[in-house]
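K.L.:
Contents of input00.cif (mmCIF, C-alpha atoms) are below:
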data_protein
#
loop_
_atom_site.group_PDB
_atom_site.id
_atom_site.type_symbol
_atom_site.label_atom_id
_atom_site.label_comp_id
_atom_site.auth_asym_id
_atom_site.auth_seq_id
_atom_site.Cartn_x
_atom_site.Cartn_y
_atom_site.Cartn_z
ATOM 1 C CA MET A 4 86.448 128.309 13.379
ATOM 2 C CA ALA A 5 89.651 126.398 12.785
ATOM 3 C CA ILE A 6 92.849 127.785 14.218
ATOM 4 C CA SER A 7 96.118 126.554 12.816
ATOM 5 C CA ALA A 8 98.891 125.203 14.959
ATOM 6 C CA ALA A 9 101.154 127.927 13.598
ATOM 7 C CA THR A 10 98.730 130.594 14.814
ATOM 8 C CA ILE A 11 98.607 129.013 18.284
ATOM 9 C CA SER A 12 102.383 128.824 18.377
ATOM 10 C CA ALA A 13 102.808 132.415 17.279
ATOM 11 C CA SER A 14 100.240 133.781 19.726
ATOM 12 C CA GLY A 15 101.698 131.696 22.525
ATOM 13 C CA CYS A 16 105.080 133.282 22.008
ATOM 14 C CA THR A 17 103.582 136.707 22.618
ATOM 15 C CA LEU A 18 102.112 135.531 25.951
ATOM 16 C CA TRP A 19 105.043 133.514 27.279
ATOM 17 C CA GLN A 20 108.692 133.333 26.399
ATOM 18 C CA ALA A 21 111.207 131.062 28.089
ATOM 19 C CA LYS A 22 114.296 132.713 29.495
ATOM 20 C CA PRO A 23 117.195 132.237 27.109
ATOM 21 C CA LEU A 24 119.986 129.829 27.953
ATOM 22 C CA LYS A 25 122.993 131.771 29.195
ATOM 23 C CA GLU A 26 126.490 131.321 27.874
ATOM 24 C CA ALA A 27 129.221 130.803 30.468
ATOM 25 C CA THR A 28 132.798 129.598 30.848
ATOM 26 C CA ALA A 29 134.404 127.417 33.501
ATOM 27 C CA GLU A 30 136.166 130.480 34.884
ATOM 28 C CA GLN A 31 132.909 132.421 35.177
ATOM 29 C CA LEU A 32 131.068 129.624 36.988
ATOM 30 C CA THR A 33 133.988 128.963 39.310
ATOM 31 C CA GLY A 34 134.139 132.705 39.967
ATOM 32 C CA ARG A 35 130.437 132.766 40.856
ATOM 33 C CA LEU A 36 130.976 130.074 43.465
ATOM 34 C CA GLN A 37 134.000 131.829 44.923
ATOM 35 C CA GLU A 38 132.174 135.146 45.116
ATOM 36 C CA ARG A 39 129.151 133.514 46.721
ATOM 37 C CA GLU A 40 131.385 131.882 49.299
ATOM 38 C CA ALA A 41 133.172 135.186 50.007
ATOM 39 C CA ALA A 42 129.829 137.003 50.328
ATOM 40 C CA ILE A 43 128.666 134.678 53.124
ATOM 41 C CA GLN A 44 130.902 135.281 56.117
ATOM 42 C CA THR A 45 128.400 133.993 58.671
ATOM 43 C CA MET A 46 125.005 132.315 58.461
ATOM 44 C CA LYS A 47 122.434 130.834 60.783
ATOM 45 C CA GLY A 48 119.222 129.011 60.089
ATOM 46 C CA LEU A 49 116.446 126.756 61.284
ATOM 47 C CA PHE A 50 115.712 123.570 59.379
ATOM 48 C CA ARG A 51 113.926 120.228 59.366
ATOM 49 C CA ALA A 52 115.852 117.086 58.469
ATOM 50 C CA GLN A 53 114.057 114.007 57.166
ATOM 51 C CA ILE A 54 116.366 111.004 57.300
ATOM 52 C CA ALA A 55 115.964 107.627 55.634
ATOM 53 C CA GLY A 56 118.157 104.545 55.852
ATOM 54 C CA SER A 57 119.063 101.626 58.055
ATOM 55 C CA GLY A 58 121.309 101.845 61.091
ATOM 56 C CA ILE A 59 120.562 105.509 61.801
ATOM 57 C CA PRO A 60 121.156 106.153 65.527
ATOM 58 C CA ILE A 61 118.756 109.101 65.878
ATOM 59 C CA ALA A 62 115.143 109.922 65.085
ATOM 60 C CA GLN A 63 114.289 109.995 61.388
ATOM 61 C CA ARG A 64 112.745 113.458 61.649
ATOM 62 C CA VAL A 65 114.807 116.147 63.320
ATOM 63 C CA GLU A 66 114.248 119.837 63.949
ATOM 64 C CA GLY A 67 117.550 121.654 63.839
ATOM 65 C CA ALA A 68 119.493 124.881 64.201
ATOM 66 C CA MET A 69 122.639 125.683 62.238
ATOM 67 C CA TYR A 70 125.402 128.268 62.764
ATOM 68 C CA TYR A 71 128.234 128.855 60.291
ATOM 69 C CA ARG A 72 131.288 131.098 60.148
ATOM 70 C CA ARG A 73 133.619 131.111 57.186
ATOM 71 C CA PRO A 74 135.658 129.196 56.392
ATOM 72 C CA GLU A 75 134.930 126.004 58.344
ATOM 73 C CA ALA A 76 133.284 126.740 61.699
ATOM 74 C CA VAL A 77 129.939 124.927 61.954
ATOM 75 C CA ARG A 78 127.583 124.164 64.839
ATOM 76 C CA LEU A 79 124.528 121.925 64.430
ATOM 77 C CA GLN A 80 121.857 121.169 67.025
ATOM 78 C CA GLY A 81 119.168 118.523 66.589
ATOM 79 C CA PHE A 82 115.909 118.202 68.521
ATOM 80 C CA ASN A 83 112.996 115.772 68.496
ATOM 81 C CA HIS A 84 109.389 116.887 67.941
ATOM 82 C CA LEU A 85 108.992 117.537 71.685
ATOM 83 C CA GLY A 86 112.022 119.823 71.823
ATOM 84 C CA GLY A 87 114.360 117.317 73.458
ATOM 85 C CA LYS A 88 117.982 117.658 72.341
ATOM 86 C CA LEU A 89 119.200 114.700 70.288
ATOM 87 C CA PHE A 90 122.708 115.912 69.535
ATOM 88 C CA GLU A 91 124.969 118.930 69.406
ATOM 89 C CA PHE A 92 127.892 119.039 67.004
ATOM 90 C CA SER A 93 130.513 121.752 66.527
ATOM 91 C CA GLN A 94 133.698 121.917 64.491
ATOM 92 C CA ASN A 95 136.491 124.236 63.486
ATOM 93 C CA ARG A 96 139.056 123.588 60.754
ATOM 94 C CA THR A 97 140.732 120.663 62.498
ATOM 95 C CA HIS A 98 138.716 119.545 65.526
ATOM 96 C CA TYR A 99 135.173 118.635 66.482
ATOM 97 C CA ARG A 100 132.991 118.005 69.507
ATOM 98 C CA LEU A 101 129.849 115.875 69.571
ATOM 99 C CA ASP A 102 127.408 115.572 72.489
ATOM 100 C CA LEU A 103 124.720 112.854 72.616
ATOM 101 C CA PRO A 104 122.679 113.769 75.710
ATOM 102 C CA ALA A 105 120.336 110.753 75.560
ATOM 103 C CA GLU A 106 123.320 108.398 75.710
ATOM 104 C CA GLY A 107 125.307 110.535 78.120
ATOM 105 C CA LYS A 108 128.267 110.531 75.725
ATOM 106 C CA ARG A 109 130.666 113.116 74.391
ATOM 107 C CA PHE A 110 133.190 112.705 71.616
ATOM 108 C CA ALA A 111 135.967 115.183 70.876
ATOM 109 C CA GLY A 112 139.057 115.130 68.738
ATOM 110 C CA LEU A 113 140.343 115.525 65.194
ATOM 111 C CA LEU A 114 137.800 115.809 62.385
ATOM 112 C CA GLU A 115 139.389 112.876 60.589
ATOM 113 C CA GLU A 116 138.483 110.671 63.581
ATOM 114 C CA LEU A 117 134.791 111.543 63.509
ATOM 115 C CA GLN A 118 133.798 108.310 61.792
ATOM 116 C CA GLN A 119 134.481 106.460 65.055
ATOM 117 C CA ALA A 120 131.137 107.736 66.354
ATOM 118 C CA LYS A 121 128.032 105.961 65.057
ATOM 119 C CA ILE A 122 126.470 109.277 64.091
ATOM 120 C CA GLY A 123 129.636 110.417 62.309
ATOM 121 C CA ARG A 124 128.477 109.593 58.773
ATOM 122 C CA LEU A 125 125.223 111.471 59.234
ATOM 123 C CA LEU A 126 127.105 114.521 60.477
ATOM 124 C CA GLN A 127 129.435 114.309 57.482
ATOM 125 C CA LEU A 128 126.408 114.435 55.183
ATOM 126 C CA SER A 129 125.131 117.472 57.092
ATOM 127 C CA ARG A 130 128.486 119.220 56.736
ATOM 128 C CA TRP A 131 128.491 118.617 52.980
ATOM 129 C CA ALA A 132 124.930 119.950 52.712
ATOM 130 C CA VAL A 133 125.852 123.147 54.553
ATOM 131 C CA GLY A 134 128.954 123.490 52.381
ATOM 132 C CA GLY A 135 126.804 123.184 49.270
ATOM 133 C CA VAL A 136 124.490 125.965 50.438
ATOM 134 C CA VAL A 137 127.300 128.432 51.142
ATOM 135 C CA GLY A 138 129.436 127.421 48.144
ATOM 136 C CA GLY A 139 132.109 125.745 50.271
ATOM 137 C CA ASP A 140 135.194 124.195 48.635
ATOM 138 C CA SER A 141 134.720 126.393 45.576
ATOM 139 C CA SER A 142 138.106 128.005 46.003
ATOM 140 C CA ALA A 143 140.004 124.971 47.230
ATOM 141 C CA GLY A 144 143.636 125.265 46.234
ATOM 142 C CA GLY A 145 145.283 122.841 43.869
ATOM 143 C CA SER A 146 142.262 122.205 41.649
ATOM 144 C CA ARG A 147 141.213 122.948 38.075
ATOM 145 C CA ALA A 148 137.816 122.946 36.387
ATOM 146 C CA ALA A 149 136.452 121.910 32.983
ATOM 147 C CA LEU A 150 133.037 122.797 31.563
ATOM 148 C CA GLU A 151 130.647 120.682 29.496
ATOM 149 C CA GLU A 152 127.203 121.492 28.070
ATOM 150 C CA ASP A 153 124.536 119.054 29.278
ATOM 151 C CA GLY A 154 121.225 120.006 27.635
ATOM 152 C CA ASP A 155 119.730 122.892 29.583
ATOM 153 C CA ARG A 156 122.461 122.555 32.202
ATOM 154 C CA TYR A 157 126.194 123.093 32.428
ATOM 155 C CA ARG A 158 128.369 120.483 34.129
ATOM 156 C CA LEU A 159 131.479 121.763 35.871
ATOM 157 C CA ASP A 160 134.048 119.024 36.565
ATOM 158 C CA VAL A 161 136.533 119.867 39.326
ATOM 159 C CA PHE A 162 139.850 117.997 39.163
ATOM 160 C CA GLN A 163 142.689 117.728 41.591
ATOM 161 C CA SER A 164 145.802 119.239 40.076
ATOM 162 C CA ALA A 165 148.957 117.229 39.386
ATOM 163 C CA PRO A 166 150.222 114.738 40.160
ATOM 164 C CA GLU A 167 147.013 112.706 40.566
ATOM 165 C CA GLY A 168 144.650 114.856 38.523
ATOM 166 C CA ARG A 169 141.632 112.843 39.651
ATOM 167 C CA LEU A 170 138.053 114.060 39.412
ATOM 168 C CA LEU A 171 136.858 115.401 42.782
ATOM 169 C CA ARG A 172 133.413 116.896 42.179
ATOM 170 C CA ARG A 173 130.780 117.458 39.522
ATOM 171 C CA LEU A 174 128.426 120.433 39.679
ATOM 172 C CA TRP A 175 125.428 121.030 37.426
ATOM 173 C CA PHE A 176 124.248 124.597 36.787
ATOM 174 C CA GLU A 177 120.813 125.458 35.409
ATOM 175 C CA ARG A 178 121.579 127.467 32.267
ATOM 176 C CA ARG A 179 118.790 130.009 32.643
ATOM 177 C CA SER A 180 119.711 131.096 36.169
ATOM 178 C CA LEU A 181 123.300 129.779 36.434
ATOM 179 C CA GLN A 182 122.448 128.419 39.894
ATOM 180 C CA VAL A 183 123.822 125.083 41.115
ATOM 181 C CA VAL A 184 121.060 122.469 41.024
ATOM 182 C CA GLU A 185 123.063 119.261 41.551
ATOM 183 C CA GLU A 186 126.442 118.163 42.867
ATOM 184 C CA GLU A 187 128.358 114.896 43.152
ATOM 185 C CA ARG A 188 131.399 114.224 45.324
ATOM 186 C CA LEU A 189 133.554 111.380 44.093
ATOM 187 C CA ARG A 190 135.792 108.791 45.699
ATOM 188 C CA GLU A 191 139.354 108.042 44.643
ATOM 189 C CA ASN A 192 138.121 105.214 42.384
ATOM 190 C CA GLY A 193 135.834 107.608 40.498
ATOM 191 C CA ASP A 194 132.562 106.370 41.997
ATOM 192 C CA ALA A 195 130.125 108.915 43.426
ATOM 193 C CA GLU A 196 130.236 109.036 47.218
ATOM 194 C CA VAL A 197 127.276 111.382 47.637
ATOM 195 C CA SER A 198 124.918 113.288 45.348
ATOM 196 C CA MET A 199 123.096 116.489 46.293
ATOM 197 C CA THR A 200 120.284 118.468 44.722
ATOM 198 C CA PHE A 201 119.503 122.115 45.513
ATOM 199 C CA GLU A 202 115.968 123.433 45.111
ATOM 200 C CA ASP A 203 113.535 126.138 46.199
ATOM 201 C CA TYR A 204 115.863 129.081 45.553
ATOM 202 C CA ARG A 205 114.598 132.207 47.284
ATOM 203 C CA VAL A 206 115.611 135.844 47.184
ATOM 204 C CA MET A 207 117.557 136.922 50.247
ATOM 205 C CA PRO A 208 118.620 140.428 51.296
ATOM 206 C CA ALA A 209 122.200 141.020 50.237
ATOM 207 C CA ALA A 210 124.814 140.358 52.880
ATOM 208 C CA PRO A 211 126.647 143.479 54.107
ATOM 209 C CA VAL A 212 129.891 142.374 52.465
ATOM 210 C CA SER A 213 131.555 144.200 49.578
ATOM 211 C CA VAL A 214 131.423 141.833 46.593
ATOM 212 C CA THR A 215 130.736 142.079 42.889
ATOM 213 C CA SER A 216 129.110 138.823 41.918
ATOM 214 C CA ALA A 217 126.865 137.460 39.210
ATOM 215 C CA GLY A 218 125.131 135.697 42.091
ATOM 216 C CA VAL A 219 124.349 139.029 43.796
ATOM 217 C CA GLY A 220 121.787 141.063 41.932
ATOM 218 C CA SER A 221 121.951 144.748 41.179
ATOM 219 C CA ALA A 222 119.160 145.317 43.692
ATOM 220 C CA GLY A 223 121.384 143.911 46.444
ATOM 221 C CA VAL A 224 119.915 140.422 46.801
ATOM 222 C CA MET A 225 121.150 136.844 46.704
ATOM 223 C CA LEU A 226 119.449 133.593 45.767
ATOM 224 C CA MET A 227 119.719 130.801 48.349
ATOM 225 C CA PRO A 228 118.456 127.193 48.146
ATOM 226 C CA PHE A 229 116.021 126.372 50.950
ATOM 227 C CA LYS A 230 115.885 122.636 50.181
ATOM 228 C CA VAL A 231 118.855 120.285 49.949
ATOM 229 C CA THR A 232 118.560 116.553 49.281
ATOM 230 C CA ILE A 233 121.676 114.460 49.857
ATOM 231 C CA VAL A 234 121.944 110.779 48.972
ATOM 232 C CA ASP A 235 124.701 108.595 50.385
ATOM 233 C CA ARG A 236 125.967 106.324 47.611
ATOM 234 C CA ILE A 237 128.237 104.338 49.941
ATOM 235 C CA VAL A 238 125.886 103.630 52.843
ATOM 236 C CA SER A 239 122.249 103.273 51.826
ATOM 237 C CA GLY A 240 120.611 106.392 53.169
ATOM 238 C CA SER A 241 119.441 109.900 52.394
ATOM 239 C CA MET A 242 118.612 113.180 54.084
ATOM 240 C CA VAL A 243 116.433 116.103 53.082
ATOM 241 C CA LEU A 244 117.159 119.467 54.719
ATOM 242 C CA THR A 245 114.324 121.985 54.437
ATOM 243 C CA PHE A 246 115.167 125.407 55.828
ATOM 244 C CA HIS A 247 112.467 127.386 57.601
ATOM 245 C CA GLU A 248 114.704 130.422 57.973
ATOM 246 C CA ILE A 249 118.124 131.589 56.805
ATOM 247 C CA VAL A 250 119.895 134.735 58.038
ATOM 248 C CA LEU A 251 122.974 135.902 56.152
ATOM 249 C CA ASN A 252 125.947 137.499 57.896
ATOM 250 C CA PRO A 253 124.528 137.909 61.388
ATOM 251 C CA VAL A 254 126.869 138.787 64.243
ATOM 252 C CA LEU A 255 127.336 135.433 65.961
ATOM 253 C CA LYS A 256 127.992 135.250 69.676
ATOM 254 C CA PRO A 257 130.849 132.994 70.864
ATOM 255 C CA GLU A 258 128.382 130.624 72.500
ATOM 256 C CA GLU A 259 126.477 130.245 69.226
ATOM 257 C CA LEU A 260 129.564 128.777 67.562
ATOM 258 C CA GLY A 261 130.688 126.631 70.492
ATOM 259 C CA LEU A 262 133.936 125.029 69.407
ATOM 260 C CA ALA A 263 134.615 127.626 66.710
ATOM 261 C CA ALA A 264 136.296 130.046 69.099
ATOM 262 C CA ARG A 265 138.883 127.552 70.302
ATOM 263 C CA ALA A 266 140.728 124.419 69.229
ATOM 264 C CA GLU A 267 139.697 121.256 71.009
ATOM 265 C CA LYS A 268 142.702 119.794 72.858
ATOM 266 C CA LYS A 269 141.235 116.561 74.169
ATOM 267 C CA SER A 270 141.076 113.253 72.364
ATOM 268 C CA HIS A 271 137.917 111.127 72.437
ATOM 269 C CA GLU A 272 136.348 110.966 75.854
ATOM 270 C CA ASN A 273 134.195 108.063 74.624
ATOM 271 C CA PRO A 274 136.051 106.457 71.697
ATOM 272 C CA GLY A 275 134.248 104.097 69.386
ATOM 273 C CA GLY A 276 130.698 105.386 69.936
#
Now, as a test, write the supplied structure out as C-alpha cells.
P.N.:
Amino acid sequence: MAISAATISASGCTLWQAKPLKEATAEQLTGRLQEREAAIQTMKGLFRAQIAGSGIPIAQRVEGAMYYRRPEAVRLQGFNHLGGKLFEFSQNRTHYRLDLPAEGKRFAGLLEELQQAKIGRLLQLSRWAVGGVVGGDSSAGGSRAALEEDGDRYRLDVFQSAPEGRLLRRLWFERRSLQVVEEERLRENGDAEVSMTFEDYRVMPAAPVSVTSAGVGSAGVMLMPFKVTIVDRIVSGSMVLTFHEIVLNPVLKPEELGLAARAEKKSHENPGG
C-alpha cells in the first residue's frame, strides 16, 4: 500500500516535535550569564585534559583537580596517569604561584608576568576554560553587547565601551536551550585569539544561593557543560577538558584554594622558566 510523503510528514509530527526556537534580547542573554556567574560562588571538580600541540612542556594527557571561588580565585592541580604531580597552579585577582615538582621550580608574581614560564600559555587556556564554565567575565564593567541571529543560534558580540569600542568576545547561544555552545576571545587587531566549544550539558542540583535565573530551573537545577574544547589560534595547540565530577558551591577549605587566601608578595623565584 502506498503511503504519501504528506502522510509520513503528518504522522511524524505527532511522534516527534522539535523544540521551538526561543526569542531573546541581548539584555536577556547577558543577564543569564550574570545570574549564572552570581549563582556559582564556589566550585570544585575532577577532570581529564587532553592536550595537542608542539612545544608543550607537560604530558599530553593529564588528570586534574580544580577549585574555584568567585570572582577570580582558581587552583589547578595536574597529575600523570600514575598519580605523580606534574604541576600546581593557584591565583587570586592579581597574583599567581606555579610549582613544577619534576623540574624543582617555583614561579610566583603578578598574573601579567605568567607568560615568562613555559607552561604559562597552557595555564592561560585552562583559566579561560574555567571562566567559560562558570560564566566568568559576563559582568565585566565598561562593556556593551549586541545580538545577531545566526540560524539556530544567537551570536552575542561583546564590545569594549568608549573610547576604543573594540570587539572583545563573541558568544553563540543555542536557540532552543539558550545555553552557550561556542565562544571566541579576540585580540586588539580583531583576530580570534582562542575559540571554545561547550558540550555535554548536564543537570546539576541548584546551588544554595538566592538567584532568579533563566539558567536555573523551577525545580532548582542548573545545566553545566562537562566538556570544553579550547583551540589556541595564536600558538598551534588545543586542549579538551572533560569533567568527571563537578560540585557547585561547596565549602572550600583554605588549603584547597592555596594562594586564594592571601596575596603573593614575592616576585619570580625562578624567572624565565
K.L.:
Give me, please, the distance in Å between atom CA of A:Tyr157 and atom CA of A:Met199, quoted to one decimal.
P.N.:
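Atom-to-atom, atom CA of A:Tyr157 to atom CA of A:Met199, that is 15.7 Å.
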K.L.:
Which residues would end up in the selection if the PyMOL selection byres ((chain A and resi 135) around 10) were applied here, given that I need the answer as a short mmCIF file (atom, residue, chain, number, x, y, z; two decimals) with C-alpha atoms, keeping the file's coordinate frame?
P.N.:
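Output below, filename result-v6.cif:
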data_model
loop_
_atom_site.label_atom_id
_atom_site.label_comp_id
_atom_site.auth_asym_id
_atom_site.auth_seq_id
_atom_site.Cartn_x
_atom_site.Cartn_y
_atom_site.Cartn_z
CA LEU A 36 130.98 130.07 43.46
CA GLU A 40 131.38 131.88 49.30
CA SER A 129 125.13 117.47 57.09
CA ARG A 130 128.49 119.22 56.74
CA TRP A 131 128.49 118.62 52.98
CA ALA A 132 124.93 119.95 52.71
CA VAL A 133 125.85 123.15 54.55
CA GLY A 134 128.95 123.49 52.38
CA VAL A 136 124.49 125.96 50.44
CA VAL A 137 127.30 128.43 51.14
CA GLY A 138 129.44 127.42 48.14
CA GLY A 139 132.11 125.74 50.27
CA ASP A 140 135.19 124.20 48.64
CA SER A 141 134.72 126.39 45.58
CA VAL A 183 123.82 125.08 41.12
CA GLU A 185 123.06 119.26 41.55
CA GLU A 186 126.44 118.16 42.87
CA MET A 199 123.10 116.49 46.29
CA THR A 200 120.28 118.47 44.72
CA PHE A 201 119.50 122.12 45.51
CA PRO A 228 118.46 127.19 48.15
CA VAL A 231 118.86 120.28 49.95
#
K.L.:
Which of these, A:Leu174, A:Gly48, A:Ala105, A:Glu187, has the shortest distance to A:His247 once you count all atoms listed in the file?
P.N.:
A:Gly48
K.L.:
Please identify all polymer residues within 8 Å of A:Lys88, counting all atoms listed in the file, omitting same-chain residues fewer than 4 positions from it, and present them as a PDB file with C-alpha atoms, keeping the file's coordinate frame.
P.N.:
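After the write, part_35.pdb holds the following:
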ATOM      1  CA  GLN A  80     121.857 121.169  67.025  1.00  0.00           C
ATOM      2  CA  GLY A  81     119.168 118.523  66.589  1.00  0.00           C
ATOM      3  CA  PHE A  82     115.909 118.202  68.521  1.00  0.00           C
ATOM      4  CA  ASN A  83     112.996 115.772  68.496  1.00  0.00           C
ATOM      5  CA  PRO A 104     122.679 113.769  75.710  1.00  0.00           C
ATOM      6  CA  ALA A 105     120.336 110.753  75.560  1.00  0.00           C
TER       7      ALA A 105
END
K.L.:
Evaluate the PyMOL selection byres ((chain A and resi 53) around 12) here and jot the selected residues down as a ChimeraX atom specification.
P.N.:
/A:50-52,54-56,59,61-67,81,83,125,129,230-234,240-246
K.L.:
Neighbours of A:Leu103 within 10 Å (only C-alpha atoms; same-chain residues fewer than 4 positions away dropped), as a ChimeraX atom specification?
P.N.:
/A:61,81,88-92,107-110,122,276
K.L.:
Assuming the input is short of atoms at stretch 64-83 of chain A, produce N, CA and C atoms for that part as a PDB file, keeping the file's coordinate frame.
P.N.:
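Written output follows (selection.pdb):
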ATOM      1  N   ARG A  64     113.200 112.091  61.918  1.00  0.00           N
ATOM      2  CA  ARG A  64     112.745 113.458  61.649  1.00  0.00           C
ATOM      3  C   ARG A  64     113.293 114.343  62.755  1.00  0.00           C
ATOM      4  N   VAL A  65     114.075 115.328  62.358  1.00  0.00           N
ATOM      5  CA  VAL A  65     114.807 116.147  63.320  1.00  0.00           C
ATOM      6  C   VAL A  65     114.551 117.614  63.021  1.00  0.00           C
ATOM      7  N   GLU A  66     114.279 118.385  64.066  1.00  0.00           N
ATOM      8  CA  GLU A  66     114.248 119.837  63.949  1.00  0.00           C
ATOM      9  C   GLU A  66     115.622 120.348  64.358  1.00  0.00           C
ATOM     10  N   GLY A  67     116.168 121.275  63.580  1.00  0.00           N
ATOM     11  CA  GLY A  67     117.550 121.654  63.839  1.00  0.00           C
ATOM     12  C   GLY A  67     117.822 123.142  63.740  1.00  0.00           C
ATOM     13  N   ALA A  68     118.966 123.521  64.300  1.00  0.00           N
ATOM     14  CA  ALA A  68     119.493 124.881  64.201  1.00  0.00           C
ATOM     15  C   ALA A  68     120.928 124.782  63.706  1.00  0.00           C
ATOM     16  N   MET A  69     121.326 125.707  62.857  1.00  0.00           N
ATOM     17  CA  MET A  69     122.639 125.683  62.238  1.00  0.00           C
ATOM     18  C   MET A  69     123.300 127.051  62.366  1.00  0.00           C
ATOM     19  N   TYR A  70     124.599 127.047  62.696  1.00  0.00           N
ATOM     20  CA  TYR A  70     125.402 128.268  62.764  1.00  0.00           C
ATOM     21  C   TYR A  70     126.674 128.023  61.960  1.00  0.00           C
ATOM     22  N   TYR A  71     127.071 129.015  61.163  1.00  0.00           N
ATOM     23  CA  TYR A  71     128.234 128.855  60.291  1.00  0.00           C
ATOM     24  C   TYR A  71     129.052 130.136  60.289  1.00  0.00           C
ATOM     25  N   ARG A  72     130.380 129.967  60.355  1.00  0.00           N
ATOM     26  CA  ARG A  72     131.288 131.098  60.148  1.00  0.00           C
ATOM     27  C   ARG A  72     132.385 130.662  59.205  1.00  0.00           C
ATOM     28  N   ARG A  73     132.605 131.425  58.171  1.00  0.00           N
ATOM     29  CA  ARG A  73     133.619 131.111  57.186  1.00  0.00           C
ATOM     30  C   ARG A  73     135.005 131.103  57.822  1.00  0.00           C
ATOM     31  N   PRO A  74     135.879 130.139  57.479  1.00  0.00           N
ATOM     32  CA  PRO A  74     135.658 129.196  56.392  1.00  0.00           C
ATOM     33  C   PRO A  74     135.067 127.842  56.811  1.00  0.00           C
ATOM     34  N   GLU A  75     135.316 127.378  58.051  1.00  0.00           N
ATOM     35  CA  GLU A  75     134.930 126.004  58.344  1.00  0.00           C
ATOM     36  C   GLU A  75     134.335 125.818  59.736  1.00  0.00           C
ATOM     37  N   ALA A  76     133.890 126.872  60.384  1.00  0.00           N
ATOM     38  CA  ALA A  76     133.284 126.740  61.699  1.00  0.00           C
ATOM     39  C   ALA A  76     131.788 126.464  61.547  1.00  0.00           C
ATOM     40  N   VAL A  77     131.337 125.332  62.071  1.00  0.00           N
ATOM     41  CA  VAL A  77     129.939 124.927  61.954  1.00  0.00           C
ATOM     42  C   VAL A  77     129.458 124.409  63.312  1.00  0.00           C
ATOM     43  N   ARG A  78     128.237 124.742  63.667  1.00  0.00           N
ATOM     44  CA  ARG A  78     127.583 124.164  64.839  1.00  0.00           C
ATOM     45  C   ARG A  78     126.181 123.728  64.437  1.00  0.00           C
ATOM     46  N   LEU A  79     125.837 122.492  64.742  1.00  0.00           N
ATOM     47  CA  LEU A  79     124.528 121.925  64.430  1.00  0.00           C
ATOM     48  C   LEU A  79     123.896 121.406  65.713  1.00  0.00           C
ATOM     49  N   GLN A  80     122.622 121.693  65.897  1.00  0.00           N
ATOM     50  CA  GLN A  80     121.857 121.169  67.025  1.00  0.00           C
ATOM     51  C   GLN A  80     120.630 120.456  66.473  1.00  0.00           C
ATOM     52  N   GLY A  81     120.327 119.287  67.026  1.00  0.00           N
ATOM     53  CA  GLY A  81     119.168 118.523  66.589  1.00  0.00           C
ATOM     54  C   GLY A  81     118.228 118.243  67.748  1.00  0.00           C
ATOM     55  N   PHE A  82     116.926 118.378  67.488  1.00  0.00           N
ATOM     56  CA  PHE A  82     115.909 118.202  68.521  1.00  0.00           C
ATOM     57  C   PHE A  82     114.804 117.285  67.990  1.00  0.00           C
ATOM     58  N   ASN A  83     114.162 116.556  68.902  1.00  0.00           N
ATOM     59  CA  ASN A  83     112.996 115.772  68.496  1.00  0.00           C
ATOM     60  C   ASN A  83     111.762 116.655  68.464  1.00  0.00           C
TER      61      ASN A  83
END
